[in-house]
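Raw upload08.pdb, PDB, C-alpha atoms and all ligand atoms:
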```
ATOM      1  CA  MET A   6      15.570   1.724   8.309  1.00  0.00           C
ATOM      2  CA  ARG A   7      14.164  -0.774   5.833  1.00  0.00           C
ATOM      3  CA  LEU A   8      11.353  -3.178   6.601  1.00  0.00           C
ATOM      4  CA  ILE A   9      11.427  -6.696   5.204  1.00  0.00           C
ATOM      5  CA  ASP A  10       9.107  -9.688   5.242  1.00  0.00           C
ATOM      6  CA  VAL A  11      11.193 -12.167   7.267  1.00  0.00           C
ATOM      7  CA  ASP A  12       9.097 -15.188   6.315  1.00  0.00           C
ATOM      8  CA  ALA A  13       9.465 -14.381   2.610  1.00  0.00           C
ATOM      9  CA  LEU A  14      13.202 -13.807   3.026  1.00  0.00           C
ATOM     10  CA  CYS A  15      13.737 -17.150   4.773  1.00  0.00           C
ATOM     11  CA  ASP A  16      11.627 -18.936   2.142  1.00  0.00           C
ATOM     12  CA  GLU A  17      13.837 -17.310  -0.490  1.00  0.00           C
ATOM     13  CA  ILE A  18      17.071 -18.303   1.271  1.00  0.00           C
ATOM     14  CA  GLU A  19      15.881 -21.864   1.774  1.00  0.00           C
ATOM     15  CA  SER A  20      14.767 -22.146  -1.857  1.00  0.00           C
ATOM     16  CA  VAL A  21      18.251 -21.408  -3.149  1.00  0.00           C
ATOM     17  CA  GLU A  22      19.732 -24.677  -4.293  1.00  0.00           C
ATOM     18  CA  TYR A  23      22.744 -25.696  -2.339  1.00  0.00           C
ATOM     19  CA  SER A  24      24.448 -29.025  -2.033  1.00  0.00           C
ATOM     20  CA  GLY A  25      23.260 -31.017   0.917  1.00  0.00           C
ATOM     21  CA  HIS A  26      22.436 -29.888   4.398  1.00  0.00           C
ATOM     22  CA  ASP A  27      24.044 -26.552   5.212  1.00  0.00           C
ATOM     23  CA  PRO A  28      23.973 -25.636   8.900  1.00  0.00           C
ATOM     24  CA  GLU A  29      25.104 -22.097   8.077  1.00  0.00           C
ATOM     25  CA  VAL A  30      21.934 -21.457   6.070  1.00  0.00           C
ATOM     26  CA  GLU A  31      19.773 -22.704   8.933  1.00  0.00           C
ATOM     27  CA  ARG A  32      21.798 -20.621  11.403  1.00  0.00           C
ATOM     28  CA  ILE A  33      21.327 -17.481   9.310  1.00  0.00           C
ATOM     29  CA  CYS A  34      17.575 -18.078   9.030  1.00  0.00           C
ATOM     30  CA  SER A  35      17.383 -18.711  12.754  1.00  0.00           C
ATOM     31  CA  LEU A  36      19.182 -15.421  13.458  1.00  0.00           C
ATOM     32  CA  ILE A  37      16.846 -13.555  11.121  1.00  0.00           C
ATOM     33  CA  GLN A  38      13.777 -15.123  12.748  1.00  0.00           C
ATOM     34  CA  LYS A  39      15.005 -14.065  16.198  1.00  0.00           C
ATOM     35  CA  ALA A  40      15.849 -10.513  15.140  1.00  0.00           C
ATOM     36  CA  LYS A  41      14.056  -7.671  16.889  1.00  0.00           C
ATOM     37  CA  TRP A  42      10.969  -6.734  14.934  1.00  0.00           C
ATOM     38  CA  ILE A  43       8.353  -4.007  14.892  1.00  0.00           C
ATOM     39  CA  ASP A  44       4.740  -3.973  13.801  1.00  0.00           C
ATOM     40  CA  ALA A  45       4.175  -2.345  10.456  1.00  0.00           C
ATOM     41  CA  GLU A  46       1.335  -2.249   8.000  1.00  0.00           C
ATOM     42  CA  PRO A  47       1.897  -2.314   4.259  1.00  0.00           C
ATOM     43  CA  VAL A  48       1.424   1.084   2.629  1.00  0.00           C
ATOM     44  CA  LYS A  49      -1.843   1.333   0.720  1.00  0.00           C
ATOM     45  CA  HIS A  50      -1.491   3.096  -2.615  1.00  0.00           C
ATOM     46  CA  GLY A  51      -4.366   4.923  -4.246  1.00  0.00           C
ATOM     47  CA  TYR A  52      -5.061   7.930  -6.365  1.00  0.00           C
ATOM     48  CA  TRP A  53      -7.671  10.666  -6.660  1.00  0.00           C
ATOM     49  CA  GLU A  54     -10.222   9.745  -9.310  1.00  0.00           C
ATOM     50  CA  GLU A  55     -11.901  12.691 -10.937  1.00  0.00           C
ATOM     51  CA  PHE A  56     -15.658  12.487 -11.269  1.00  0.00           C
ATOM     52  CA  THR A  57     -18.602  14.785 -11.888  1.00  0.00           C
ATOM     53  CA  ARG A  58     -20.857  15.461  -8.927  1.00  0.00           C
ATOM     54  CA  ILE A  59     -24.440  16.702  -9.299  1.00  0.00           C
ATOM     55  CA  VAL A  60     -24.777  19.844  -7.156  1.00  0.00           C
ATOM     56  CA  ILE A  61     -28.222  20.970  -8.249  1.00  0.00           C
ATOM     57  CA  PRO A  62     -30.339  18.349 -10.057  1.00  0.00           C
ATOM     58  CA  GLN A  63     -32.737  18.796 -12.956  1.00  0.00           C
ATOM     59  CA  PRO A  64     -33.971  21.028 -14.378  1.00  0.00           C
ATOM     60  CA  TYR A  65     -30.894  23.160 -13.484  1.00  0.00           C
ATOM     61  CA  ASN A  66     -28.289  20.447 -14.014  1.00  0.00           C
ATOM     62  CA  HIS A  67     -25.489  22.093 -12.126  1.00  0.00           C
ATOM     63  CA  TYR A  68     -22.377  19.908 -11.813  1.00  0.00           C
ATOM     64  CA  GLU A  69     -18.945  20.248 -10.320  1.00  0.00           C
ATOM     65  CA  GLN A  70     -15.692  18.332 -10.692  1.00  0.00           C
ATOM     66  CA  ALA A  71     -14.728  16.367  -7.600  1.00  0.00           C
ATOM     67  CA  TRP A  72     -12.231  13.690  -6.574  1.00  0.00           C
ATOM     68  CA  LYS A  73     -12.736  10.374  -4.852  1.00  0.00           C
ATOM     69  CA  CYS A  74     -10.293   7.874  -3.384  1.00  0.00           C
ATOM     70  CA  SER A  75      -9.637   4.928  -5.697  1.00  0.00           C
ATOM     71  CA  LYS A  76      -9.332   2.614  -2.675  1.00  0.00           C
ATOM     72  CA  CYS A  77     -12.340   3.407  -0.498  1.00  0.00           C
ATOM     73  CA  GLY A  78     -14.454   5.793  -2.549  1.00  0.00           C
ATOM     74  CA  TYR A  79     -14.178   8.715  -0.111  1.00  0.00           C
ATOM     75  CA  ASP A  80     -15.475  11.533  -2.310  1.00  0.00           C
ATOM     76  CA  GLU A  81     -14.641  14.728  -0.461  1.00  0.00           C
ATOM     77  CA  GLY A  82     -10.973  14.698  -1.441  1.00  0.00           C
ATOM     78  CA  PHE A  83      -8.724  17.308  -2.964  1.00  0.00           C
ATOM     79  CA  LEU A  84      -5.927  16.663  -5.440  1.00  0.00           C
ATOM     80  CA  GLU A  85      -3.434  18.351  -3.115  1.00  0.00           C
ATOM     81  CA  TRP A  86      -4.038  15.833  -0.317  1.00  0.00           C
ATOM     82  CA  LYS A  87      -1.270  13.236  -0.182  1.00  0.00           C
ATOM     83  CA  TYR A  88      -3.279  10.755   1.890  1.00  0.00           C
ATOM     84  CA  CYS A  89      -6.927   9.731   1.995  1.00  0.00           C
ATOM     85  CA  PRO A  90      -8.350  10.868   5.346  1.00  0.00           C
ATOM     86  CA  GLN A  91     -10.723   7.890   5.461  1.00  0.00           C
ATOM     87  CA  CYS A  92      -8.570   4.845   4.593  1.00  0.00           C
ATOM     88  CA  GLY A  93      -5.050   6.285   4.843  1.00  0.00           C
ATOM     89  CA  ALA A  94      -4.008   5.348   1.290  1.00  0.00           C
ATOM     90  CA  ARG A  95      -1.023   7.252  -0.044  1.00  0.00           C
ATOM     91  CA  MET A  96      -2.176   9.094  -3.137  1.00  0.00           C
ATOM     92  CA  GLU A  97       0.052   8.593  -6.158  1.00  0.00           C
ATOM     93  CA  LYS A  98       0.071  11.065  -9.008  1.00  0.00           C
ATOM     94  CA  ASP A  99       1.305   8.507 -11.557  1.00  0.00           C
ATOM     95  CA  HIS A 100      -1.117   5.639 -11.229  1.00  0.00           C
ATOM     96  CA  GLU A 101      -1.416   4.370 -14.807  1.00  0.00           C
TER      97      GLU A 101
HETATM   98 ZN    ZN B 201      -9.525   6.141   0.852  1.00  0.00          ZN
END
```
Show how you would write the structure in this file as C-alpha cells.
Ligand SMILES: [Zn+2]
Amino acid sequence: MRLIDVDALCDEIESVEYSGHDPEVERICSLIQKAKWIDAEPVKHGYWEEFTRIVIPQPYNHYEQAWKCSKCGYDEGFLEWKYCPQCGARMEKDHE
C-alpha cells in the first residue's frame, strides 16, 4: 500500500497544460477524490543528538554522554531506539 496526498495529486493533474476543457481529466480527479481513504499522519523524522550531561556538578565535574531527540528534546534516549518514545519520531542514522 502507498499513501498519497489526493489534493496535491489533483492539483498536479489539473496544472498539466492540456488543450481546452477535458472531461476525462475532471472524471479522473472526481474518481480519485471519491476513492476510499484512511487517516494517516506524516512520519516525523528525527535523530539522536549526542550531548554531555552533568551527573555530579562541581567540584567533582562528573559528566556522561547522552542522547536527546532532535525533534522534541527528550533526553533519556538510546542510540539503539528506532523511535522517540515521547514524540514518535523515526530516528534516522544518516541525518546530515
Ligand atoms: Zn522526540
- [ ] Please write as a list in words the full residue list that the PyMOL selection byres (((chain A and resi 7-17) around 9) and not hetatm) yields on this file.
- [x] Met6, Ile18, Glu19, Ser20, Val21, Ile33, Cys34, Ser35, Ile37, Gln38, Ile43 and Ala45 of chain A
TODO: Report as a ChimeraX atom specification the residues that result from applying the PyMOL selection byres (((chain A and resi 54) around 8) and not hetatm) to the structure here.
DONE: /A:52-53,55-56,72-75
Task: Env. residues ligand ZN 201 (chain B) / 8 Å / all atoms listed in the file / as an NGL selection string - done: :A and (51 or 73-79 or 88-94)
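Put simply, atom CA of Glu81 of chain A is 13.2 Å away from atom CA of Val60 of chain A.
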Task: Picked residues, the PyMOL selection byres (((chain A and resi 69) around 7) and not hetatm), expected as number ranges by chain - done: A: 57-60, 68, 70-71
Now that the selection is made, can you save its residues with C-alpha atoms as a PDB file, keeping the file's coordinate frame?
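As written to disk, result-v6.pdb reads:
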```
ATOM      1  CA  THR A  57     -18.602  14.785 -11.888  1.00  0.00           C
ATOM      2  CA  ARG A  58     -20.857  15.461  -8.927  1.00  0.00           C
ATOM      3  CA  ILE A  59     -24.440  16.702  -9.299  1.00  0.00           C
ATOM      4  CA  VAL A  60     -24.777  19.844  -7.156  1.00  0.00           C
ATOM      5  CA  TYR A  68     -22.377  19.908 -11.813  1.00  0.00           C
ATOM      6  CA  GLN A  70     -15.692  18.332 -10.692  1.00  0.00           C
ATOM      7  CA  ALA A  71     -14.728  16.367  -7.600  1.00  0.00           C
TER       8      ALA A  71
END
```
Using all atoms of segment 84-96 of chain A that appear in the file, construct an axis-aligned enclosing box with 3 Å of padding on every side and provide its centre coordinates and edge lengths in Å, rounded to one decimal, as JSON.
```
{"center_x": -5.9, "center_y": 11.6, "center_z": 0.0, "size_x": 15.7, "size_y": 19.5, "size_z": 16.9}
```
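Put simply, atom CA of Phe83 of chain A is 17.8 Å away from atom CA of Lys49 of chain A.
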Excluding Lys87 of chain A and any residue of its chain fewer than 3 positions from it, enumerate the residues within 8 Å of it, using only C-alpha atoms, and give them as a CSV table (one decimal) with C-alpha atoms, in the frame of the given file.
```
chain,number,residue,atom,x,y,z
A,84,LEU,CA,-5.9,16.7,-5.4
A,95,ARG,CA,-1.0,7.3,0.0
A,96,MET,CA,-2.2,9.1,-3.1
A,97,GLU,CA,0.1,8.6,-6.2
```
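Taking atom CA of Glu85 of chain A as the reference point, atom CA of Pro47 of chain A is found at 22.6 Å.
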How would segment 73-99 of chain A of the given structure read as a file with N, CA and C atoms, as a short mmCIF file (atom, residue, chain, number, x, y, z; two decimals), in the first residue's frame?
```cif
data_model
loop_
_atom_site.label_atom_id
_atom_site.label_comp_id
_atom_site.auth_asym_id
_atom_site.auth_seq_id
_atom_site.Cartn_x
_atom_site.Cartn_y
_atom_site.Cartn_z
N LYS A 73 19.66 12.97 22.95
CA LYS A 73 18.32 13.57 23.01
C LYS A 73 17.71 13.60 21.62
N CYS A 74 16.40 13.60 21.59
CA CYS A 74 15.64 13.62 20.33
C CYS A 74 15.78 14.99 19.68
N SER A 75 16.11 15.00 18.39
CA SER A 75 16.27 16.27 17.68
C SER A 75 14.93 16.96 17.45
N LYS A 76 13.83 16.25 17.58
CA LYS A 76 12.50 16.85 17.36
C LYS A 76 11.91 17.46 18.62
N CYS A 77 11.94 16.71 19.73
CA CYS A 77 11.24 17.18 20.92
C CYS A 77 12.16 17.41 22.11
N GLY A 78 13.41 16.99 22.01
CA GLY A 78 14.35 17.23 23.09
C GLY A 78 14.34 16.18 24.19
N TYR A 79 13.53 15.13 24.01
CA TYR A 79 13.52 14.04 25.00
C TYR A 79 14.95 13.56 25.19
N ASP A 80 15.44 13.58 26.44
CA ASP A 80 16.88 13.35 26.64
C ASP A 80 17.23 12.09 27.42
N GLU A 81 16.33 11.12 27.37
CA GLU A 81 16.64 9.84 28.02
C GLU A 81 16.77 8.73 26.97
N GLY A 82 17.11 9.11 25.75
CA GLY A 82 17.13 8.15 24.66
C GLY A 82 18.40 7.33 24.59
N PHE A 83 18.31 6.28 23.78
CA PHE A 83 19.46 5.43 23.49
C PHE A 83 19.60 5.32 21.98
N LEU A 84 20.83 5.26 21.51
CA LEU A 84 21.08 5.20 20.07
C LEU A 84 20.37 4.03 19.41
N GLU A 85 20.17 2.95 20.14
CA GLU A 85 19.57 1.75 19.55
C GLU A 85 18.06 1.93 19.30
N TRP A 86 17.44 2.88 19.97
CA TRP A 86 16.00 3.06 19.82
C TRP A 86 15.69 3.63 18.45
N LYS A 87 14.75 3.01 17.74
CA LYS A 87 14.41 3.45 16.39
C LYS A 87 13.37 4.55 16.38
N TYR A 88 12.66 4.72 17.49
CA TYR A 88 11.64 5.76 17.59
C TYR A 88 11.78 6.48 18.92
N CYS A 89 11.44 7.77 18.92
CA CYS A 89 11.43 8.53 20.17
C CYS A 89 10.17 8.14 20.95
N PRO A 90 10.30 7.73 22.20
CA PRO A 90 9.13 7.33 22.97
C PRO A 90 8.22 8.50 23.32
N GLN A 91 8.71 9.72 23.23
CA GLN A 91 7.89 10.87 23.60
C GLN A 91 7.08 11.43 22.42
N CYS A 92 7.74 11.65 21.27
CA CYS A 92 7.04 12.28 20.14
C CYS A 92 6.80 11.33 18.98
N GLY A 93 7.38 10.14 19.02
CA GLY A 93 7.15 9.15 17.98
C GLY A 93 7.98 9.32 16.72
N ALA A 94 8.91 10.27 16.72
CA ALA A 94 9.75 10.48 15.52
C ALA A 94 10.56 9.23 15.23
N ARG A 95 10.68 8.93 13.92
CA ARG A 95 11.52 7.82 13.49
C ARG A 95 12.95 8.32 13.45
N MET A 96 13.82 7.64 14.16
CA MET A 96 15.20 8.10 14.27
C MET A 96 16.04 7.61 13.10
N GLU A 97 16.60 8.56 12.37
CA GLU A 97 17.42 8.26 11.20
C GLU A 97 18.89 8.29 11.61
N LYS A 98 19.64 7.34 11.08
CA LYS A 98 21.08 7.32 11.38
C LYS A 98 21.82 8.34 10.51
N ASP A 99 21.39 8.47 9.25
CA ASP A 99 22.03 9.44 8.35
C ASP A 99 21.16 10.68 8.29
#
```
